[in-house]
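Asks: Contents of protein-v4.pdb (PDB, C-alpha atoms) are below:
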```pdb
ATOM      1  CA  MET T   1       0.000   0.000   0.000
ATOM      2  CA  ALA T   2       2.877   2.367   0.780
ATOM      3  CA  ALA T   3       4.704   1.624  -2.504
ATOM      4  CA  PRO T   4       2.358   0.420  -5.267
ATOM      5  CA  ARG T   5       5.185   0.485  -7.844
ATOM      6  CA  PHE T   6       6.762  -2.450  -6.023
ATOM      7  CA  TYR T   7       4.113  -4.746  -7.542
ATOM      8  CA  GLU T   8       4.773  -3.816 -11.146
ATOM      9  CA  ALA T   9       5.397  -6.842 -13.350
ATOM     10  CA  ALA T  10       8.900  -5.733 -14.352
ATOM     11  CA  ASN T  11       9.984  -5.369 -10.736
ATOM     12  CA  LEU T  12       8.542  -8.736  -9.680
ATOM     13  CA  ARG T  13      10.236 -10.382 -12.675
ATOM     14  CA  ASP T  14      13.570  -8.869 -11.670
ATOM     15  CA  LEU T  15      13.067 -10.141  -8.116
ATOM     16  CA  LEU T  16      12.540 -13.684  -9.378
ATOM     17  CA  VAL T  17      15.618 -13.552 -11.597
ATOM     18  CA  GLY T  18      17.749 -12.197  -8.753
ATOM     19  CA  ALA T  19      16.410 -14.804  -6.317
ATOM     20  CA  ALA T  20      17.066 -17.773  -8.620
ATOM     21  CA  PRO T  21      20.776 -18.259  -7.682
ATOM     22  CA  VAL T  22      19.871 -17.948  -3.986
ATOM     23  CA  LEU T  23      17.195 -20.617  -4.360
ATOM     24  CA  VAL T  24      19.625 -23.046  -6.026
ATOM     25  CA  ALA T  25      22.169 -22.568  -3.226
ATOM     26  CA  ALA T  26      19.429 -22.732  -0.563
ATOM     27  CA  VAL T  27      18.489 -26.191  -1.836
ATOM     28  CA  GLY T  28      21.988 -27.420  -1.037
ATOM     29  CA  MET T  29      22.191 -25.504   2.237
ATOM     30  CA  THR T  30      18.941 -27.099   3.396
ATOM     31  CA  ALA T  31      20.509 -30.545   3.031
ATOM     32  CA  VAL T  32      23.676 -29.377   4.808
ATOM     33  CA  ILE T  33      21.801 -27.931   7.787
ATOM     34  CA  VAL T  34      19.393 -30.880   7.974
ATOM     35  CA  ALA T  35      22.501 -33.090   8.270
ATOM     36  CA  ARG T  36      23.503 -30.933  11.273
ATOM     37  CA  GLN T  37      26.333 -29.142   9.474
ATOM     38  CA  ILE T  38      26.944 -25.625   8.185
ATOM     39  CA  ASP T  39      28.844 -24.138   5.252
ATOM     40  CA  VAL T  40      29.786 -20.462   5.423
ATOM     41  CA  SER T  41      32.283 -20.714   2.562
ATOM     42  CA  ILE T  42      29.737 -20.753  -0.252
ATOM     43  CA  GLY T  43      30.187 -17.035  -0.953
ATOM     44  CA  SER T  44      33.851 -17.613  -1.744
ATOM     45  CA  GLN T  45      33.036 -20.780  -3.686
ATOM     46  CA  PHE T  46      30.477 -18.742  -5.615
ATOM     47  CA  ALA T  47      33.135 -16.224  -6.686
ATOM     48  CA  VAL T  48      35.634 -18.918  -7.701
ATOM     49  CA  CYS T  49      33.069 -20.825  -9.764
ATOM     50  CA  ALA T  50      31.866 -17.660 -11.494
ATOM     51  CA  VAL T  51      35.429 -16.759 -12.459
ATOM     52  CA  VAL T  52      36.040 -20.302 -13.739
ATOM     53  CA  ALA T  53      32.913 -20.104 -15.904
ATOM     54  CA  GLY T  54      34.025 -16.750 -17.282
ATOM     55  CA  LEU T  55      37.567 -17.901 -18.039
ATOM     56  CA  LEU T  56      36.386 -21.075 -19.763
ATOM     57  CA  ALA T  57      33.912 -19.130 -21.889
ATOM     58  CA  LYS T  58      36.575 -16.545 -22.724
ATOM     59  CA  ALA T  59      38.887 -19.371 -23.809
ATOM     60  CA  GLY T  60      36.366 -20.246 -26.496
ATOM     61  CA  LEU T  61      34.592 -23.194 -24.896
ATOM     62  CA  ALA T  62      30.869 -23.624 -25.425
ATOM     63  CA  MET T  63      28.644 -22.383 -22.616
ATOM     64  CA  PRO T  64      27.460 -25.876 -21.565
ATOM     65  CA  ILE T  65      31.116 -26.870 -21.097
ATOM     66  CA  ALA T  66      31.909 -23.649 -19.238
ATOM     67  CA  ALA T  67      28.908 -24.194 -16.965
ATOM     68  CA  ALA T  68      29.916 -27.819 -16.380
ATOM     69  CA  GLY T  69      33.426 -26.642 -15.487
ATOM     70  CA  ALA T  70      32.029 -24.231 -12.903
ATOM     71  CA  VAL T  71      29.845 -26.946 -11.379
ATOM     72  CA  ALA T  72      32.791 -29.384 -11.317
ATOM     73  CA  THR T  73      34.883 -26.730  -9.555
ATOM     74  CA  GLY T  74      32.120 -26.364  -6.980
ATOM     75  CA  VAL T  75      32.067 -30.131  -6.451
ATOM     76  CA  LEU T  76      35.821 -30.139  -5.785
ATOM     77  CA  LEU T  77      35.597 -27.248  -3.324
ATOM     78  CA  GLY T  78      32.622 -28.803  -1.550
ATOM     79  CA  ALA T  79      34.384 -32.160  -1.450
ATOM     80  CA  LEU T  80      37.357 -30.472   0.209
ATOM     81  CA  ASN T  81      35.078 -29.229   2.978
ATOM     82  CA  GLY T  82      33.445 -32.642   3.210
ATOM     83  CA  LEU T  83      36.803 -34.391   3.444
ATOM     84  CA  LEU T  84      37.954 -32.179   6.300
ATOM     85  CA  VAL T  85      34.644 -32.400   8.183
ATOM     86  CA  ALA T  86      33.635 -36.015   7.560
ATOM     87  CA  GLY T  87      37.076 -37.525   7.078
ATOM     88  CA  LEU T  88      39.028 -35.752   9.803
ATOM     89  CA  GLY T  89      36.125 -34.967  12.115
ATOM     90  CA  LEU T  90      36.820 -31.219  12.226
ATOM     91  CA  PRO T  91      33.997 -28.805  13.153
ATOM     92  CA  ALA T  92      32.186 -27.606  10.042
ATOM     93  CA  ILE T  93      32.066 -23.987  11.162
ATOM     94  CA  VAL T  94      35.858 -23.881  11.626
ATOM     95  CA  VAL T  95      36.599 -25.663   8.345
ATOM     96  CA  THR T  96      34.276 -23.549   6.230
ATOM     97  CA  LEU T  97      35.443 -20.305   7.855
ATOM     98  CA  ALA T  98      39.000 -21.256   6.933
ATOM     99  CA  THR T  99      38.104 -22.167   3.355
ATOM    100  CA  MET T 100      35.992 -19.028   3.056
ATOM    101  CA  VAL T 101      38.974 -16.809   3.805
ATOM    102  CA  GLY T 102      41.470 -18.988   1.931
ATOM    103  CA  LEU T 103      39.430 -19.150  -1.280
ATOM    104  CA  ARG T 104      38.603 -15.443  -1.248
ATOM    105  CA  GLU T 105      42.202 -14.365  -0.712
ATOM    106  CA  GLY T 106      43.521 -16.980  -3.138
ATOM    107  CA  LEU T 107      41.169 -15.712  -5.832
ATOM    108  CA  ARG T 108      42.190 -12.129  -5.177
ATOM    109  CA  TRP T 109      45.856 -13.103  -5.502
ATOM    110  CA  ALA T 110      45.314 -15.162  -8.664
ATOM    111  CA  THR T 111      43.284 -12.500 -10.483
ATOM    112  CA  GLU T 112      44.920  -9.461  -8.863
ATOM    113  CA  GLY T 113      41.390  -8.222  -8.317
ATOM    114  CA  LEU T 114      40.731  -7.854 -12.054
ATOM    115  CA  TRP T 115      37.321  -8.769 -13.436
ATOM    116  CA  VAL T 116      36.923 -11.267 -16.254
ATOM    117  CA  GLN T 117      36.070  -9.063 -19.223
ATOM    118  CA  ASP T 118      35.719  -9.318 -22.998
ATOM    119  CA  LEU T 119      33.460 -12.335 -22.702
ATOM    120  CA  PRO T 120      31.898 -13.827 -25.838
ATOM    121  CA  ARG T 121      28.434 -12.671 -26.832
ATOM    122  CA  GLY T 122      26.998 -16.094 -26.073
ATOM    123  CA  PHE T 123      27.929 -15.787 -22.382
ATOM    124  CA  GLN T 124      25.382 -13.220 -21.227
ATOM    125  CA  TRP T 125      21.896 -14.717 -20.964
ATOM    126  CA  LEU T 126      23.367 -17.864 -22.563
ATOM    127  CA  GLY T 127      23.102 -16.109 -25.903
ATOM    128  CA  LEU T 128      19.292 -16.289 -25.726
ATOM    129  CA  GLY T 129      18.670 -12.600 -25.249
ATOM    130  CA  GLN T 130      17.524 -10.773 -22.155
ATOM    131  CA  ASP T 131      13.826 -11.633 -22.358
ATOM    132  CA  ALA T 132      14.356 -15.360 -22.880
ATOM    133  CA  GLY T 133      17.216 -15.454 -20.370
ATOM    134  CA  ARG T 134      15.025 -13.985 -17.661
ATOM    135  CA  VAL T 135      12.644 -16.895 -18.179
ATOM    136  CA  VAL T 136      15.295 -19.614 -18.345
ATOM    137  CA  ILE T 137      17.135 -18.647 -15.150
ATOM    138  CA  PRO T 138      14.131 -18.932 -12.756
ATOM    139  CA  ALA T 139      12.967 -22.033 -14.651
ATOM    140  CA  VAL T 140      16.301 -23.782 -14.046
ATOM    141  CA  ALA T 141      16.217 -22.824 -10.370
ATOM    142  CA  LEU T 142      12.671 -24.132  -9.927
ATOM    143  CA  LEU T 143      13.557 -27.351 -11.743
ATOM    144  CA  VAL T 144      16.502 -27.951  -9.387
ATOM    145  CA  TRP T 145      14.268 -27.192  -6.416
ATOM    146  CA  ALA T 146      11.532 -29.572  -7.622
ATOM    147  CA  LEU T 147      13.961 -32.429  -8.281
ATOM    148  CA  MET T 148      15.630 -32.062  -4.892
ATOM    149  CA  THR T 149      12.274 -31.772  -3.136
ATOM    150  CA  TRP T 150      11.207 -35.054  -4.677
ATOM    151  CA  GLY T 151      14.562 -36.679  -3.914
ATOM    152  CA  MET T 152      14.609 -35.623  -0.258
ATOM    153  CA  ARG T 153      11.155 -37.143   0.201
ATOM    154  CA  HIS T 154      11.320 -40.316  -1.861
ATOM    155  CA  LEU T 155      14.955 -41.386  -2.253
ATOM    156  CA  ALA T 156      16.930 -43.347   0.315
ATOM    157  CA  ALA T 157      19.715 -40.770   0.111
ATOM    158  CA  GLY T 158      17.316 -38.019   1.133
ATOM    159  CA  ARG T 159      16.029 -39.995   4.090
ATOM    160  CA  ALA T 160      19.631 -40.738   5.100
ATOM    161  CA  VAL T 161      20.291 -36.990   5.365
ATOM    162  CA  TYR T 162      17.395 -36.586   7.804
ATOM    163  CA  ALA T 163      18.464 -39.643   9.796
ATOM    164  CA  THR T 164      22.049 -38.438  10.069
ATOM    165  CA  GLY T 165      20.963 -34.998  11.216
ATOM    166  CA  SER T 166      18.554 -36.412  13.788
ATOM    167  CA  ASP T 167      21.105 -38.738  15.414
ATOM    168  CA  ALA T 168      24.264 -39.823  13.634
ATOM    169  CA  GLU T 169      24.936 -42.728  16.014
ATOM    170  CA  VAL T 170      21.442 -44.151  15.665
ATOM    171  CA  ALA T 171      21.761 -43.768  11.900
ATOM    172  CA  ARG T 172      25.038 -45.713  12.007
ATOM    173  CA  LEU T 173      23.460 -48.499  14.047
ATOM    174  CA  ALA T 174      20.643 -48.619  11.502
ATOM    175  CA  GLY T 175      23.155 -49.409   8.782
ATOM    176  CA  LEU T 176      23.786 -45.946   7.368
ATOM    177  CA  ARG T 177      27.202 -44.339   6.992
ATOM    178  CA  PRO T 178      26.930 -40.831   8.449
ATOM    179  CA  ARG T 179      30.391 -39.765   7.297
ATOM    180  CA  ARG T 180      29.536 -40.556   3.701
ATOM    181  CA  VAL T 181      26.278 -38.671   4.061
ATOM    182  CA  VAL T 182      28.078 -35.609   5.431
ATOM    183  CA  PHE T 183      30.667 -35.772   2.665
ATOM    184  CA  GLY T 184      27.883 -36.092   0.106
ATOM    185  CA  VAL T 185      25.925 -33.052   1.295
ATOM    186  CA  PHE T 186      29.041 -30.867   1.202
ATOM    187  CA  ALA T 187      29.885 -32.053  -2.330
ATOM    188  CA  ALA T 188      26.276 -31.435  -3.415
ATOM    189  CA  MET T 189      26.424 -27.999  -1.802
ATOM    190  CA  GLY T 190      29.492 -27.226  -3.892
ATOM    191  CA  ALA T 191      27.838 -28.391  -7.112
ATOM    192  CA  LEU T 192      24.743 -26.282  -6.488
ATOM    193  CA  THR T 193      26.898 -23.280  -5.566
ATOM    194  CA  GLY T 194      28.657 -23.668  -8.910
ATOM    195  CA  LEU T 195      25.323 -23.740 -10.730
ATOM    196  CA  ALA T 196      24.124 -20.716  -8.751
ATOM    197  CA  ALA T 197      27.306 -18.869  -9.740
ATOM    198  CA  VAL T 198      26.639 -19.589 -13.420
ATOM    199  CA  LEU T 199      23.013 -18.424 -13.172
ATOM    200  CA  SER T 200      24.210 -15.200 -11.585
ATOM    201  CA  ALA T 201      27.238 -14.560 -13.805
ATOM    202  CA  ILE T 202      25.334 -14.845 -17.081
ATOM    203  CA  GLN T 203      23.185 -11.875 -16.082
ATOM    204  CA  PHE T 204      26.139  -9.505 -16.586
ATOM    205  CA  ILE T 205      28.661  -8.684 -19.289
ATOM    206  CA  ASP T 206      31.636  -9.143 -16.936
ATOM    207  CA  VAL T 207      32.436 -11.559 -14.114
ATOM    208  CA  GLN T 208      33.291  -9.784 -10.883
ATOM    209  CA  THR T 209      36.030 -11.392  -8.825
ATOM    210  CA  ASN T 210      34.481  -9.982  -5.650
ATOM    211  CA  SER T 211      31.061 -11.507  -6.295
ATOM    212  CA  GLY T 212      29.371 -13.609  -3.637
ATOM    213  CA  VAL T 213      30.164 -11.316  -0.712
ATOM    214  CA  GLY T 214      27.377 -11.850   1.817
ATOM    215  CA  PHE T 215      25.878 -14.619  -0.325
ATOM    216  CA  GLU T 216      26.203 -17.172   2.473
ATOM    217  CA  LEU T 217      24.232 -14.919   4.831
ATOM    218  CA  ARG T 218      21.349 -14.618   2.383
ATOM    219  CA  VAL T 219      21.241 -18.361   1.784
ATOM    220  CA  ILE T 220      21.471 -19.404   5.444
ATOM    221  CA  ALA T 221      18.885 -16.791   6.430
ATOM    222  CA  ALA T 222      16.469 -18.073   3.779
ATOM    223  CA  VAL T 223      16.880 -21.683   4.913
ATOM    224  CA  VAL T 224      16.541 -20.951   8.617
ATOM    225  CA  VAL T 225      13.568 -18.635   8.270
ATOM    226  CA  GLY T 226      11.986 -21.327   6.105
ATOM    227  CA  GLY T 227      11.787 -23.579   9.140
ATOM    228  CA  THR T 228      14.897 -25.754   8.839
ATOM    229  CA  SER T 229      16.206 -26.467  12.340
ATOM    230  CA  ILE T 230      19.759 -25.270  12.873
ATOM    231  CA  ALA T 231      20.145 -28.281  15.173
ATOM    232  CA  GLY T 232      19.597 -30.618  12.224
ATOM    233  CA  GLY T 233      17.160 -33.409  11.455
ATOM    234  CA  ARG T 234      14.218 -31.212  10.470
ATOM    235  CA  GLY T 235      13.432 -28.949   7.551
ATOM    236  CA  SER T 236      11.800 -28.793   4.150
ATOM    237  CA  LEU T 237      12.646 -27.352   0.772
ATOM    238  CA  VAL T 238       9.166 -25.878   0.541
ATOM    239  CA  GLY T 239       9.987 -23.763   3.580
ATOM    240  CA  SER T 240      13.328 -22.795   2.051
ATOM    241  CA  LEU T 241      11.545 -21.633  -1.114
ATOM    242  CA  LEU T 242       9.266 -19.419   0.963
ATOM    243  CA  GLY T 243      12.272 -18.117   2.891
ATOM    244  CA  VAL T 244      14.066 -17.208  -0.342
ATOM    245  CA  LEU T 245      10.996 -15.338  -1.605
ATOM    246  CA  LEU T 246      10.615 -13.499   1.699
ATOM    247  CA  LEU T 247      14.200 -12.281   1.778
ATOM    248  CA  ALA T 248      14.189 -11.523  -1.958
ATOM    249  CA  THR T 249      11.331  -9.101  -1.443
ATOM    250  CA  ALA T 250      12.414  -7.662   1.925
ATOM    251  CA  GLY T 251      15.491  -5.788   0.694
ATOM    252  CA  PRO T 252      13.901  -4.186  -2.394
ATOM    253  CA  ALA T 253      10.795  -3.383  -0.338
ATOM    254  CA  LEU T 254      12.954  -1.386   2.066
ATOM    255  CA  THR T 255      14.412   0.511  -0.895
ATOM    256  CA  PHE T 256      10.944   1.306  -2.235
ATOM    257  CA  LEU T 257      10.043   2.597   1.213
ATOM    258  CA  GLY T 258      13.032   4.943   1.174
ATOM    259  CA  THR T 259      15.165   3.030   3.684
ATOM    260  CA  GLU T 260      18.951   2.910   3.324
ATOM    261  CA  ALA T 261      20.205  -0.202   1.515
ATOM    262  CA  TYR T 262      22.546  -1.299   4.313
ATOM    263  CA  TRP T 263      19.537  -2.117   6.501
ATOM    264  CA  ASP T 264      18.964  -5.148   4.262
ATOM    265  CA  ARG T 265      21.798  -7.129   5.859
ATOM    266  CA  ALA T 266      20.747  -6.004   9.322
ATOM    267  CA  LEU T 267      17.277  -7.336   8.576
ATOM    268  CA  GLN T 268      18.742 -10.638   7.396
ATOM    269  CA  GLY T 269      20.712 -10.983  10.625
ATOM    270  CA  LEU T 270      17.623 -10.188  12.681
ATOM    271  CA  ILE T 271      15.594 -12.773  10.766
ATOM    272  CA  ILE T 272      18.249 -15.437  11.440
ATOM    273  CA  LEU T 273      18.273 -14.555  15.155
ATOM    274  CA  LEU T 274      14.488 -14.680  15.469
ATOM    275  CA  ALA T 275      14.223 -17.927  13.523
ATOM    276  CA  VAL T 276      16.907 -19.652  15.605
ATOM    277  CA  ALA T 277      15.334 -18.372  18.827
ATOM    278  CA  ALA T 278      11.914 -19.634  17.738
ATOM    279  CA  ASP T 279      13.442 -23.016  16.955
ATOM    280  CA  ALA T 280      15.300 -23.180  20.275
ATOM    281  CA  PHE T 281      12.387 -22.130  22.482
ATOM    282  CA  GLY T 282       9.472 -23.411  20.407
ATOM    283  CA  PRO T 283       7.171 -26.289  21.374
ATOM    284  CA  ARG T 284       9.352 -28.911  19.693
ATOM    285  CA  ALA T 285      12.341 -27.869  21.784
ATOM    286  CA  ARG T 286      10.553 -28.459  25.122
ATOM    287  CA  PRO T 287      11.276 -31.628  27.093
ATOM    288  CA  GLY T 288       8.651 -34.275  26.473
ATOM    289  CA  ALA T 289       7.420 -32.700  23.258
ATOM    290  CA  ARG T 290       6.051 -35.196  20.759
ATOM    291  CA  PRO T 291       8.212 -35.676  17.655
TER     292      PRO T 291
END
```
Could you rewrite the structure in this file as structure tokens?
Replies:
Amino acid sequence: MAAPRFYEAANLRDLLVGAAPVLVAAVGMTAVIVARQIDVSIGSQFAVCAVVAGLLAKAGLAMPIAAAGAVATGVLLGALNGLLVAGLGLPAIVVTLATMVGLREGLRWATEGLWVQDLPRGFQWLGLGQDAGRVVIPAVALLVWALMTWGMRHLAAGRAVYATGSDAEVARLAGLRPRRVVFGVFAAMGALTGLAAVLSAIQFIDVQTNSGVGFELRVIAAVVVGGTSIAGGRGSLVGSLLGVLLLATAGPALTFLGTEAYWDRALQGLIILLAVAADAFGPRARPGARP
């Protein structure tokens, strides 16, 4: 009511296009948090994968190959986190903080802070044009979300993620291998981060080496506010979708209302705090509560 222009079709379309990479990454983050882990390095992974996609495209490779290279890079980076967490038993928050800083600084050193420019014409919007590209990007994100939603509900691997997050020892006694599950969710997180980086990078004519700053906060906030328990074992991709849409509209809504842009991150932090507090002190957290 205060800003009717917010509901114009062009603005809502832009919101969906901008939210698509966040949704793809939120799908992976949901699995990570459900497995009782966390990954705060995805912003740095995002930047590395975007640069890889840009360099491969600039080298003359077809866009499907460049995109596959970015996803493969994400798998390797996610597998590194998974190896350190699942293989060596290190805390996920410590490992991913270290890789977050290491990847960001390593990328800055390798590129000297220079953007990837002079990209081929087929890079932006996948060569489909702006109108078609703005349809393809949300469609890809929704397809990934739908496939993962089905998989988490109906595949044994999806149920193993919930079992591991609920109680890793009980899952082991039931015949599952929690370490493999943890390694798998980190590798999947990396792959989806790579895809998210591609969906974001193709919206611009250059690839920024400092992209992805604050990306992990947006993704984690969307997943947590969508109802996924930070303690693991509980959550849904439907809730994560709603969380992504909420946060995608909150920041631009503040701008339409004349609020300074930096309040967007403050709002995200507040949403995370309220969601975690609600999870910690809600009915399901009380002793004797029914599962």
Asks: If the PyMOL selection byres ((chain T and resi 202) around 12) were run on this exact file, what residues would it hold? Put them as a PDB file with C-alpha atoms, in the frame of the given file.
Replies:
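The resulting file, selection-v1.pdb, is reproduced below:
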```pdb
ATOM      1  CA  VAL T  17      15.618 -13.552 -11.597  1.00  0.00           C
ATOM      2  CA  GLY T  18      17.749 -12.197  -8.753  1.00  0.00           C
ATOM      3  CA  PRO T  21      20.776 -18.259  -7.682  1.00  0.00           C
ATOM      4  CA  ALA T  50      31.866 -17.660 -11.494  1.00  0.00           C
ATOM      5  CA  VAL T  51      35.429 -16.759 -12.459  1.00  0.00           C
ATOM      6  CA  ALA T  53      32.913 -20.104 -15.904  1.00  0.00           C
ATOM      7  CA  GLY T  54      34.025 -16.750 -17.282  1.00  0.00           C
ATOM      8  CA  ALA T  57      33.912 -19.130 -21.889  1.00  0.00           C
ATOM      9  CA  MET T  63      28.644 -22.383 -22.616  1.00  0.00           C
ATOM     10  CA  ALA T  66      31.909 -23.649 -19.238  1.00  0.00           C
ATOM     11  CA  ALA T  67      28.908 -24.194 -16.965  1.00  0.00           C
ATOM     12  CA  LEU T 119      33.460 -12.335 -22.702  1.00  0.00           C
ATOM     13  CA  PRO T 120      31.898 -13.827 -25.838  1.00  0.00           C
ATOM     14  CA  ARG T 121      28.434 -12.671 -26.832  1.00  0.00           C
ATOM     15  CA  GLY T 122      26.998 -16.094 -26.073  1.00  0.00           C
ATOM     16  CA  PHE T 123      27.929 -15.787 -22.382  1.00  0.00           C
ATOM     17  CA  GLN T 124      25.382 -13.220 -21.227  1.00  0.00           C
ATOM     18  CA  TRP T 125      21.896 -14.717 -20.964  1.00  0.00           C
ATOM     19  CA  LEU T 126      23.367 -17.864 -22.563  1.00  0.00           C
ATOM     20  CA  GLY T 127      23.102 -16.109 -25.903  1.00  0.00           C
ATOM     21  CA  LEU T 128      19.292 -16.289 -25.726  1.00  0.00           C
ATOM     22  CA  GLY T 129      18.670 -12.600 -25.249  1.00  0.00           C
ATOM     23  CA  GLN T 130      17.524 -10.773 -22.155  1.00  0.00           C
ATOM     24  CA  GLY T 133      17.216 -15.454 -20.370  1.00  0.00           C
ATOM     25  CA  ARG T 134      15.025 -13.985 -17.661  1.00  0.00           C
ATOM     26  CA  VAL T 136      15.295 -19.614 -18.345  1.00  0.00           C
ATOM     27  CA  ILE T 137      17.135 -18.647 -15.150  1.00  0.00           C
ATOM     28  CA  LEU T 195      25.323 -23.740 -10.730  1.00  0.00           C
ATOM     29  CA  ALA T 196      24.124 -20.716  -8.751  1.00  0.00           C
ATOM     30  CA  ALA T 197      27.306 -18.869  -9.740  1.00  0.00           C
ATOM     31  CA  VAL T 198      26.639 -19.589 -13.420  1.00  0.00           C
ATOM     32  CA  LEU T 199      23.013 -18.424 -13.172  1.00  0.00           C
ATOM     33  CA  SER T 200      24.210 -15.200 -11.585  1.00  0.00           C
ATOM     34  CA  ALA T 201      27.238 -14.560 -13.805  1.00  0.00           C
ATOM     35  CA  GLN T 203      23.185 -11.875 -16.082  1.00  0.00           C
ATOM     36  CA  PHE T 204      26.139  -9.505 -16.586  1.00  0.00           C
ATOM     37  CA  ILE T 205      28.661  -8.684 -19.289  1.00  0.00           C
ATOM     38  CA  ASP T 206      31.636  -9.143 -16.936  1.00  0.00           C
ATOM     39  CA  VAL T 207      32.436 -11.559 -14.114  1.00  0.00           C
ATOM     40  CA  GLN T 208      33.291  -9.784 -10.883  1.00  0.00           C
TER      41      GLN T 208
END
```
Asks: Return as AutoDock Vina command-line options the centre and edge lengths, in Å with one decimal, of the box along x, y and z that encloses every atom of segment 114-130 of chain T in the file, padded by 4 Å per side.
Replies:
```
--center_x 29.1 --center_y -12.9 --center_z -19.4 --size_x 31.2 --size_y 18.0 --size_z 22.8
```
Asks: Using only C-alpha atoms, which residue out of T:Ala31, T:Pro4, T:Ala110, T:Gln45 lies closest to Phe215 of chain T?
Replies: T:Gln45
Asks: Let me know the residues the PyMOL selection byres ((chain T and resi 229) around 9) catches in the file above, as an NGL selection string.
Replies: :T and (33-34 or 36 or 223-224 or 227-228 or 230-235 or 275-276 or 279-280)
Asks: Using all atoms listed in the file, which residue out of T:Leu245, T:Ala92, T:Val22, T:Leu270 lies closest to Val182 of chain T?
Replies: T:Ala92
Asks: Please determine, counting all atoms listed in the file, which residue among T:Gln117, T:Gln37, T:Thr164, T:Thr111 has the shortest atom-to-atom distance to Pro91 of chain T.
Replies: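 For Pro91 of chain T, the nearest of the candidates is T:Gln37.
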Asks: Sort by chain and increasing residue number a table of all residues of segment 176-215 of chain T within 7 Å of segment 71-83 of chain T, each with its closest pair of atoms and their distance in Å to one decimal, counting all atoms listed in the file, and write it as a Markdown table.
Replies:
```
| residue | atom | partner | partner_atom | distance |
| --- | --- | --- | --- | --- |
| T:Val182 | CA | T:Gly82 | CA | 6.5 |
| T:Phe183 | CA | T:Gly82 | CA | 4.2 |
| T:Phe186 | CA | T:Gly78 | CA | 5.0 |
| T:Ala187 | CA | T:Gly78 | CA | 4.3 |
| T:Ala188 | CA | T:Val75 | CA | 6.7 |
| T:Met189 | CA | T:Gly78 | CA | 6.3 |
| T:Gly190 | CA | T:Gly74 | CA | 4.1 |
| T:Ala191 | CA | T:Val75 | CA | 4.6 |
| T:Thr193 | CA | T:Gly74 | CA | 6.2 |
| T:Gly194 | CA | T:Val71 | CA | 4.3 |
| T:Leu195 | CA | T:Val71 | CA | 5.6 |
```
Asks: For those residues, write C-alpha atoms to a file as a PDB file, in the coordinates of the input.
Replies:
```pdb
ATOM      1  CA  VAL T 182      28.078 -35.609   5.431  1.00  0.00           C
ATOM      2  CA  PHE T 183      30.667 -35.772   2.665  1.00  0.00           C
ATOM      3  CA  PHE T 186      29.041 -30.867   1.202  1.00  0.00           C
ATOM      4  CA  ALA T 187      29.885 -32.053  -2.330  1.00  0.00           C
ATOM      5  CA  ALA T 188      26.276 -31.435  -3.415  1.00  0.00           C
ATOM      6  CA  MET T 189      26.424 -27.999  -1.802  1.00  0.00           C
ATOM      7  CA  GLY T 190      29.492 -27.226  -3.892  1.00  0.00           C
ATOM      8  CA  ALA T 191      27.838 -28.391  -7.112  1.00  0.00           C
ATOM      9  CA  THR T 193      26.898 -23.280  -5.566  1.00  0.00           C
ATOM     10  CA  GLY T 194      28.657 -23.668  -8.910  1.00  0.00           C
ATOM     11  CA  LEU T 195      25.323 -23.740 -10.730  1.00  0.00           C
TER      12      LEU T 195
END
```
Asks: Give me, please, the distance in Å between atom CA of Ala221 of chain T and atom CA of Leu267 of chain T, quoted to one decimal.
Replies: 9.8 Å
Asks: Calculate how many Å separate atom CA of Val24 of chain T from atom CA of Gly239 of chain T, rounding to one decimal.
Replies: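 Spanning atom CA of Val24 of chain T to atom CA of Gly239 of chain T is a straight-line distance of 13.6 Å.
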Asks: As a ChimeraX atom specification, please: the residues near Leu257 of chain T (cut-off 12 Å, only C-alpha atoms, same-chain neighbours under 6 positions excluded).
Replies: /T:1-6,250-251,263
Asks: Step by step, work through what the PyMOL selection byres ((chain T and resi 220) around 10) selects in the shown file, and finish by giving those residues as a compact mmCIF listing (two decimals) with C-alpha atoms, keeping the file's coordinate frame.
Replies:
```
# COMPACT_ATOMS: atom_id res chain seq x y z
CA VAL T 22 19.87 -17.95 -3.99
CA ALA T 25 22.17 -22.57 -3.23
CA ALA T 26 19.43 -22.73 -0.56
CA MET T 29 22.19 -25.50 2.24
CA THR T 30 18.94 -27.10 3.40
CA ILE T 33 21.80 -27.93 7.79
CA ILE T 38 26.94 -25.62 8.18
CA ASP T 39 28.84 -24.14 5.25
CA VAL T 40 29.79 -20.46 5.42
CA PHE T 215 25.88 -14.62 -0.32
CA GLU T 216 26.20 -17.17 2.47
CA LEU T 217 24.23 -14.92 4.83
CA ARG T 218 21.35 -14.62 2.38
CA VAL T 219 21.24 -18.36 1.78
CA ALA T 221 18.89 -16.79 6.43
CA ALA T 222 16.47 -18.07 3.78
CA VAL T 223 16.88 -21.68 4.91
CA VAL T 224 16.54 -20.95 8.62
CA VAL T 225 13.57 -18.64 8.27
CA GLY T 226 11.99 -21.33 6.10
CA THR T 228 14.90 -25.75 8.84
CA ILE T 230 19.76 -25.27 12.87
CA SER T 240 13.33 -22.80 2.05
CA GLY T 243 12.27 -18.12 2.89
CA VAL T 244 14.07 -17.21 -0.34
CA GLN T 268 18.74 -10.64 7.40
CA GLY T 269 20.71 -10.98 10.62
CA ILE T 272 18.25 -15.44 11.44
```
Asks: Quick one: distance from atom CA of Ala141 of chain T to atom CA of Leu237 of chain T in Å, one decimal?
Replies: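 Atom CA of Leu237 of chain T lies at a distance of 12.5 Å from atom CA of Ala141 of chain T.
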Asks: Which residues, written as a list of chain:residue names, have at least one atom at most 8 Å from Leu16 of chain T, with all atoms listed in the file counted and residues fewer than 4 positions away on the same chain left out?
Replies: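 Counting all atoms listed in the file, the residues come to T:Leu12, T:Ala20, T:Pro138, T:Ala248.
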Asks: Nearest residue to Leu246 of chain T out of T:Ala47, T:Val85, T:Val213, T:Leu15, using only C-alpha atoms?
Replies: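 Result for the nearest residue to Leu246 of chain T: T:Leu15.
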